[in-house]
Structure formats: structure tokens, C-alpha cells
>>> print(open('upload-v3.pdb').read())   # PDB, C-alpha atoms, pLDDT in the B column
ATOM      1  CA  GLN A  18      -9.141 -12.199  12.209  1.00 86.00           C
ATOM      2  CA  VAL A  19      -5.987 -10.121  12.475  1.00 92.00           C
ATOM      3  CA  GLN A  20      -3.674 -10.451  15.425  1.00 96.00           C
ATOM      4  CA  LEU A  21      -0.653  -8.262  16.079  1.00 97.00           C
ATOM      5  CA  VAL A  22       1.989  -9.416  18.540  1.00 97.00           C
ATOM      6  CA  GLU A  23       4.717  -7.081  19.743  1.00 98.00           C
ATOM      7  CA  SER A  24       8.042  -8.084  21.235  1.00 98.00           C
ATOM      8  CA  GLY A  25      11.451  -6.612  21.958  1.00 98.00           C
ATOM      9  CA  GLY A  26      10.682  -4.237  24.775  1.00 98.00           C
ATOM     10  CA  GLY A  27      12.819  -4.011  27.872  1.00 98.00           C
ATOM     11  CA  SER A  28      14.787  -1.771  30.182  1.00 98.00           C
ATOM     12  CA  VAL A  29      17.810   0.151  28.955  1.00 98.00           C
ATOM     13  CA  GLN A  30      19.898   3.086  30.029  1.00 98.00           C
ATOM     14  CA  ALA A  31      19.728   6.396  28.248  1.00 98.00           C
ATOM     15  CA  GLY A  32      21.681   6.270  25.019  1.00 98.00           C
ATOM     16  CA  GLY A  33      20.945   2.604  24.497  1.00 98.00           C
ATOM     17  CA  SER A  34      19.040   0.857  21.729  1.00 98.00           C
ATOM     18  CA  LEU A  35      16.131  -1.519  21.344  1.00 98.00           C
ATOM     19  CA  ARG A  36      14.415  -3.083  18.361  1.00 98.00           C
ATOM     20  CA  LEU A  37      10.719  -3.716  18.606  1.00 98.00           C
ATOM     21  CA  SER A  38       9.006  -6.268  16.392  1.00 98.00           C
ATOM     22  CA  CYS A  39       5.370  -6.595  15.449  1.00 98.00           C
ATOM     23  CA  ALA A  40       4.326  -9.912  13.928  1.00 97.00           C
ATOM     24  CA  ALA A  41       1.039  -9.954  12.053  1.00 95.00           C
ATOM     25  CA  PHE A  42      -1.173 -13.027  11.965  1.00 94.00           C
ATOM     26  CA  GLY A  43      -4.100 -13.264   9.613  1.00 92.00           C
ATOM     27  CA  TYR A  44      -4.789 -11.329   6.455  1.00 87.00           C
ATOM     28  CA  ILE A  45      -3.799  -7.683   6.263  1.00 84.00           C
ATOM     29  CA  ASP A  46      -4.615  -5.888   3.072  1.00 82.00           C
ATOM     30  CA  SER A  47      -1.665  -4.462   1.168  1.00 79.00           C
ATOM     31  CA  ASN A  48      -3.460  -1.114   1.292  1.00 83.00           C
ATOM     32  CA  TYR A  49      -2.949  -0.896   5.028  1.00 90.00           C
ATOM     33  CA  ARG A  50      -0.713   1.358   7.039  1.00 95.00           C
ATOM     34  CA  MET A  51       1.281  -0.041   9.965  1.00 96.00           C
ATOM     35  CA  GLY A  52       1.991   2.209  12.895  1.00 97.00           C
ATOM     36  CA  TRP A  53       3.745   2.306  16.232  1.00 98.00           C
ATOM     37  CA  PHE A  54       2.181   4.208  19.089  1.00 98.00           C
ATOM     38  CA  ARG A  55       3.247   4.675  22.688  1.00 98.00           C
ATOM     39  CA  GLN A  56       1.626   5.642  25.921  1.00 98.00           C
ATOM     40  CA  ALA A  57       3.376   6.851  29.028  1.00 95.00           C
ATOM     41  CA  PRO A  58       1.690   6.787  32.447  1.00 89.00           C
ATOM     42  CA  GLY A  59      -0.735   9.659  32.771  1.00 93.00           C
ATOM     43  CA  LYS A  60      -0.366  10.667  29.150  1.00 95.00           C
ATOM     44  CA  GLU A  61      -2.369  10.151  26.003  1.00 96.00           C
ATOM     45  CA  ARG A  62      -1.377   7.620  23.413  1.00 97.00           C
ATOM     46  CA  GLU A  63       0.766   9.230  20.737  1.00 97.00           C
ATOM     47  CA  GLY A  64       1.925   8.199  17.309  1.00 98.00           C
ATOM     48  CA  VAL A  65       5.603   7.354  17.030  1.00 98.00           C
ATOM     49  CA  ALA A  66       6.042   6.175  13.448  1.00 98.00           C
ATOM     50  CA  ALA A  67       4.149   4.662  10.555  1.00 97.00           C
ATOM     51  CA  ILE A  68       4.908   2.939   7.273  1.00 96.00           C
ATOM     52  CA  TYR A  69       2.894   2.118   4.172  1.00 93.00           C
ATOM     53  CA  THR A  70       3.271   1.236   0.534  1.00 87.00           C
ATOM     54  CA  THR A  71       1.032   1.687  -2.469  1.00 81.00           C
ATOM     55  CA  THR A  72       3.261  -0.120  -4.947  1.00 79.00           C
ATOM     56  CA  GLY A  73       4.670  -2.961  -2.894  1.00 75.00           C
ATOM     57  CA  SER A  74       8.194  -1.776  -3.596  1.00 80.00           C
ATOM     58  CA  THR A  75       8.367   1.800  -2.353  1.00 86.00           C
ATOM     59  CA  TYR A  76       7.689   2.431   1.307  1.00 89.00           C
ATOM     60  CA  TYR A  77       6.724   5.729   2.865  1.00 94.00           C
ATOM     61  CA  THR A  78       7.428   6.529   6.463  1.00 96.00           C
ATOM     62  CA  ASP A  79       6.327   9.120   8.982  1.00 97.00           C
ATOM     63  CA  TYR A  80       7.749   9.987  12.384  1.00 98.00           C
ATOM     64  CA  THR A  81       6.823  12.200  15.247  1.00 98.00           C
ATOM     65  CA  ASP A  82       9.321  15.026  15.619  1.00 98.00           C
ATOM     66  CA  SER A  83      10.782  13.826  18.894  1.00 97.00           C
ATOM     67  CA  VAL A  84      12.081  10.567  17.399  1.00 98.00           C
ATOM     68  CA  LYS A  85      13.274  11.738  13.980  1.00 98.00           C
ATOM     69  CA  GLY A  86      16.880  10.758  13.418  1.00 98.00           C
ATOM     70  CA  ARG A  87      16.773   8.226  16.259  1.00 98.00           C
ATOM     71  CA  PHE A  88      14.028   5.746  15.347  1.00 98.00           C
ATOM     72  CA  THR A  89      13.570   3.816  12.127  1.00 98.00           C
ATOM     73  CA  ILE A  90      10.461   1.923  11.096  1.00 98.00           C
ATOM     74  CA  SER A  91      10.720  -0.871   8.555  1.00 96.00           C
ATOM     75  CA  GLN A  92       8.634  -3.695   7.210  1.00 93.00           C
ATOM     76  CA  ASP A  93       9.401  -7.224   6.068  1.00 90.00           C
ATOM     77  CA  ASN A  94       6.467  -8.442   4.017  1.00 84.00           C
ATOM     78  CA  ALA A  95       7.781 -11.975   3.703  1.00 84.00           C
ATOM     79  CA  LYS A  96       7.832 -12.291   7.477  1.00 83.00           C
ATOM     80  CA  LYS A  97       4.710 -10.139   7.923  1.00 91.00           C
ATOM     81  CA  THR A  98       6.640  -8.188  10.513  1.00 95.00           C
ATOM     82  CA  VAL A  99       7.123  -4.509  11.212  1.00 97.00           C
ATOM     83  CA  TYR A 100      10.135  -3.285  13.146  1.00 98.00           C
ATOM     84  CA  LEU A 101      10.948  -0.185  15.118  1.00 98.00           C
ATOM     85  CA  GLN A 102      14.663   0.342  15.625  1.00 98.00           C
ATOM     86  CA  MET A 103      15.163   2.759  18.492  1.00 98.00           C
ATOM     87  CA  ASN A 104      18.577   4.309  19.029  1.00 98.00           C
ATOM     88  CA  SER A 105      19.848   6.998  21.393  1.00 98.00           C
ATOM     89  CA  LEU A 106      16.976   6.296  23.719  1.00 98.00           C
ATOM     90  CA  LYS A 107      15.959   8.940  26.221  1.00 98.00           C
ATOM     91  CA  PRO A 108      14.008   8.658  29.483  1.00 97.00           C
ATOM     92  CA  GLU A 109      11.098  10.445  27.802  1.00 97.00           C
ATOM     93  CA  ASP A 110      10.824   7.497  25.385  1.00 98.00           C
ATOM     94  CA  THR A 111       9.585   5.380  28.275  1.00 98.00           C
ATOM     95  CA  GLY A 112       6.132   3.945  27.751  1.00 98.00           C
ATOM     96  CA  ARG A 113       4.139   1.051  26.443  1.00 98.00           C
ATOM     97  CA  TYR A 114       4.582   0.663  22.708  1.00 98.00           C
ATOM     98  CA  TYR A 115       1.742  -0.598  20.563  1.00 98.00           C
ATOM     99  CA  CYS A 116       1.659  -1.844  17.016  1.00 98.00           C
ATOM    100  CA  ALA A 117      -1.389  -1.010  14.935  1.00 97.00           C
ATOM    101  CA  ALA A 118      -2.751  -1.639  11.440  1.00 96.00           C
ATOM    102  CA  GLY A 119      -5.295   0.434   9.608  1.00 93.00           C
ATOM    103  CA  PRO A 120      -6.523   1.158   6.086  1.00 91.00           C
ATOM    104  CA  LEU A 121      -5.042   3.944   4.048  1.00 90.00           C
ATOM    105  CA  VAL A 122      -7.723   6.596   3.721  1.00 89.00           C
ATOM    106  CA  TYR A 123      -7.311   9.910   1.977  1.00 87.00           C
ATOM    107  CA  GLY A 124      -7.142  12.727   4.489  1.00 89.00           C
ATOM    108  CA  VAL A 125      -6.525  10.515   7.495  1.00 90.00           C
ATOM    109  CA  ARG A 126      -3.306  11.397   9.262  1.00 94.00           C
ATOM    110  CA  TRP A 127      -0.958   8.585  10.234  1.00 95.00           C
ATOM    111  CA  TYR A 128      -1.051   9.559  13.911  1.00 94.00           C
ATOM    112  CA  GLN A 129      -4.838   9.374  14.242  1.00 94.00           C
ATOM    113  CA  SER A 130      -5.015   6.332  16.493  1.00 93.00           C
ATOM    114  CA  ASP A 131      -8.790   5.956  16.206  1.00 93.00           C
ATOM    115  CA  LYS A 132      -8.402   5.234  12.492  1.00 93.00           C
ATOM    116  CA  TYR A 133      -6.407   2.046  13.087  1.00 96.00           C
ATOM    117  CA  ALA A 134      -8.526  -1.093  13.072  1.00 94.00           C
ATOM    118  CA  HIS A 135      -6.191  -3.603  14.703  1.00 96.00           C
ATOM    119  CA  TRP A 136      -3.981  -3.296  17.760  1.00 97.00           C
ATOM    120  CA  GLY A 137      -1.480  -5.418  19.607  1.00 98.00           C
ATOM    121  CA  GLN A 138      -1.233  -5.779  23.361  1.00 97.00           C
ATOM    122  CA  GLY A 139       1.882  -3.659  23.580  1.00 98.00           C
ATOM    123  CA  THR A 140       5.399  -4.071  24.878  1.00 98.00           C
ATOM    124  CA  GLN A 141       6.956  -2.033  27.674  1.00 98.00           C
ATOM    125  CA  VAL A 142      10.006   0.158  27.087  1.00 98.00           C
ATOM    126  CA  THR A 143      11.726   1.707  30.079  1.00 98.00           C
ATOM    127  CA  VAL A 144      14.670   4.054  29.679  1.00 98.00           C
ATOM    128  CA  SER A 145      16.579   5.066  32.791  1.00 97.00           C
ATOM    129  CA  SER A 146      18.806   8.084  33.114  1.00 94.00           C
TER
END
>>> encode(input="upload-v3.pdb", output="C-alpha cells")
Amino acid sequence: QVQLVESGGGSVQAGGSLRLSCAAFGYIDSNYRMGWFRQAPGKEREGVAAIYTTTGSTYYTDYTDSVKGRFTISQDNAKKTVYLQMNSLKPEDTGRYYCAAGPLVYGVRWYQSDKYAHWGQGTQVTVSS
């Protein structure tokens, strides 16, 4: 049984920073991709960033266009934790942020939320102007 637990959300002013953490409990195959998604009120869940490795030493990352240059996803295998460093936050970054884990499958895009098998409960991020 895999459990993902997010933390680090909060309320900040525009231009501020937050670091989200996602701790994984249970076995997650090394051939899995870890992703961060967010959902704002009245909007669909969208992919924010994802990270995976096929070698255990080289990590590949993906980002949605709106966060490129501001957000950084990273992974600490020893701690079984994935991070999302968010800088220069904007009001439009407001939403509930979810951590997810899913198998790497050829042809599956990182932002396809229905392809992730495990989800956390989410952590709220609110950015005020």
C-alpha cells in the first residue's frame, strides 16, 4: 500500500516562495514517475511538474509552461520525498496541490492525471496580490 503525504502549503503574498514536500510511504517502484498537480476552485486539475529517472542517477523533469523558471521539482530517494520549490509566486498559482505517483509508460504524457496510480490528500497554497 502506497501512501503519499504532502506538506508545506500556506498563504503567501505575490512574489513569495514556498516549498512543498511529498513523503512516500510503502513501496514505489523505481520505474515510477512522481508528479505535482494543482486544482483551483472551479477549474480542472492540471499538471504542474513531474520527475522520473530510468538510471537512478539522472533525473528528467517536466513543467507546465506557466511555472517554468519559477518552480523546481526534485527528488530525494534516501528520504523517499519529492519537493516542489515555488518561487515568484503569483495569485494564479493559488490552488490545492497534489502529489502523485504513476508508472512510466511509453506514450503517456506526464500531465495525464488519470495515468497516476497513487495520490496524496493535497496541500493548500494561497497567493495574495
>>> residues_around(input="upload-v3.pdb", residues="Asp46 (chain A)", least_positions_apart="5", cutoff="10 Å", atoms="only C-alpha atoms", output="list in words")
Ala118, Gly119, Pro120 and Leu121 of chain A
>>> resolve_selection(input="upload-v3.pdb", expression="the PyMOL selection byres ((chain A and resi 105) around 8)", output="PDB file with C-alpha atoms, in the coordinates of the input")
ATOM      1  CA  ALA A  31      19.728   6.396  28.248  1.00 98.00           C
ATOM      2  CA  GLY A  32      21.681   6.270  25.019  1.00 98.00           C
ATOM      3  CA  GLY A  33      20.945   2.604  24.497  1.00 98.00           C
ATOM      4  CA  SER A  34      19.040   0.857  21.729  1.00 98.00           C
ATOM      5  CA  ARG A  87      16.773   8.226  16.259  1.00 98.00           C
ATOM      6  CA  MET A 103      15.163   2.759  18.492  1.00 98.00           C
ATOM      7  CA  ASN A 104      18.577   4.309  19.029  1.00 98.00           C
ATOM      8  CA  LEU A 106      16.976   6.296  23.719  1.00 98.00           C
ATOM      9  CA  LYS A 107      15.959   8.940  26.221  1.00 98.00           C
TER      10      LYS A 107
END
>>> atom_distance(input="upload-v3.pdb", atom1="CA of Glu109 (chain A)", atom2="CA of Thr81 (chain A)")
13.4 Å
>>> residues_around(input="upload-v3.pdb", residues="region 123-131 of chain A", least_positions_apart="3", cutoff="8 Å", atoms="all atoms listed in the file", output="PyMOL selection string")
chain A and resi 50+52+54+62-67+79+134
>>> residues_near_point(input="upload-v3.pdb", point="(6.0, 6.8, 23.0)", cutoff="7 Å", atoms="only C-alpha atoms", output="number ranges by chain")
A: 54-57, 63, 65, 110-114
>>> closest_residue(input="upload-v3.pdb", among="A:Pro108, A:Ser146, A:Gln20, A:Thr98", to="Cys39 (chain A)", atoms="only C-alpha atoms")
A:Thr98
>>> closest_residue(input="upload-v3.pdb", among="A:Tyr49, A:Ala95, A:Gln138, A:Gly43", to="Thr72 (chain A)", atoms="all atoms listed in the file")
A:Tyr49
>>> resolve_selection(input="upload-v3.pdb", expression="the PyMOL selection byres ((chain A and resi 47) around 8)", output="PDB file with C-alpha atoms, in the frame of the given file")
ATOM      1  CA  ILE A  45      -3.799  -7.683   6.263  1.00 84.00           C
ATOM      2  CA  ASP A  46      -4.615  -5.888   3.072  1.00 82.00           C
ATOM      3  CA  ASN A  48      -3.460  -1.114   1.292  1.00 83.00           C
ATOM      4  CA  TYR A  49      -2.949  -0.896   5.028  1.00 90.00           C
ATOM      5  CA  THR A  70       3.271   1.236   0.534  1.00 87.00           C
ATOM      6  CA  THR A  71       1.032   1.687  -2.469  1.00 81.00           C
ATOM      7  CA  GLY A  73       4.670  -2.961  -2.894  1.00 75.00           C
TER       8      GLY A  73
END
>>> residues_around(input="upload-v3.pdb", residues="Ile90 (chain A)", least_positions_apart="2", cutoff="7 Å", atoms="all atoms listed in the file", output="list of chain:residue names")
A:Ala66, A:Ala67, A:Ile68, A:Phe88, A:Tyr100, A:Leu101, A:Gln102
>>> write_last_selection(input="upload-v3.pdb", atoms="C-alpha atoms", output="CSV table (one decimal), in the coordinates of the input")
chain,number,residue,atom,x,y,z
A,66,ALA,CA,6.0,6.2,13.4
A,67,ALA,CA,4.1,4.7,10.6
A,68,ILE,CA,4.9,2.9,7.3
A,88,PHE,CA,14.0,5.7,15.3
A,100,TYR,CA,10.1,-3.3,13.1
A,101,LEU,CA,10.9,-0.2,15.1
A,102,GLN,CA,14.7,0.3,15.6
>>> axis_aligned_box(input="upload-v3.pdb", around="region 27-30 of chain A", padding_each_side="4 Å", output="JSON")
{"center_x": 16.4, "center_y": -0.5, "center_z": 29.0, "size_x": 15.1, "size_y": 15.1, "size_z": 10.3}
>>> atom_distance(input="upload-v3.pdb", atom1="CA of Asn94 (chain A)", atom2="CA of Ser38 (chain A)")
12.8 Å
>>> atom_distance(input="upload-v3.pdb", atom1="CA of Gly139 (chain A)", atom2="CA of Val22 (chain A)")
7.7 Å
>>> resolve_selection(input="upload-v3.pdb", expression="the PyMOL selection byres ((chain A and resi 25-28) around 9)", output="JSON list (two decimals) with C-alpha atoms, in the frame of the given file")
[["chain", "number", "residue", "atom", "x", "y", "z"],
["A", 23, "GLU", "CA", 4.72, -7.08, 19.74],
["A", 24, "SER", "CA", 8.04, -8.08, 21.24],
["A", 29, "VAL", "CA", 17.81, 0.15, 28.96],
["A", 30, "GLN", "CA", 19.90, 3.09, 30.03],
["A", 35, "LEU", "CA", 16.13, -1.52, 21.34],
["A", 36, "ARG", "CA", 14.42, -3.08, 18.36],
["A", 37, "LEU", "CA", 10.72, -3.72, 18.61],
["A", 38, "SER", "CA", 9.01, -6.27, 16.39],
["A", 39, "CYS", "CA", 5.37, -6.60, 15.45],
["A", 113, "ARG", "CA", 4.14, 1.05, 26.44],
["A", 114, "TYR", "CA", 4.58, 0.66, 22.71],
["A", 139, "GLY", "CA", 1.88, -3.66, 23.58],
["A", 140, "THR", "CA", 5.40, -4.07, 24.88],
["A", 141, "GLN", "CA", 6.96, -2.03, 27.67],
["A", 142, "VAL", "CA", 10.01, 0.16, 27.09],
["A", 143, "THR", "CA", 11.73, 1.71, 30.08],
["A", 144, "VAL", "CA", 14.67, 4.05, 29.68],
["A", 145, "SER", "CA", 16.58, 5.07, 32.79]]
>>> closest_residue(input="upload-v3.pdb", among="A:Tyr76, A:Trp53, A:Trp136, A:Ser83", to="Ala41 (chain A)", atoms="all atoms listed in the file")
A:Trp136
>>> closest_residue(input="upload-v3.pdb", among="A:Lys60, A:Lys132, A:Lys85, A:Lys96", to="Phe42 (chain A)", atoms="all atoms listed in the file")
A:Lys96
>>> closest_residue(input="upload-v3.pdb", among="A:Met51, A:Tyr44, A:Val19, A:Tyr80", to="Gln92 (chain A)", atoms="only C-alpha atoms")
A:Met51
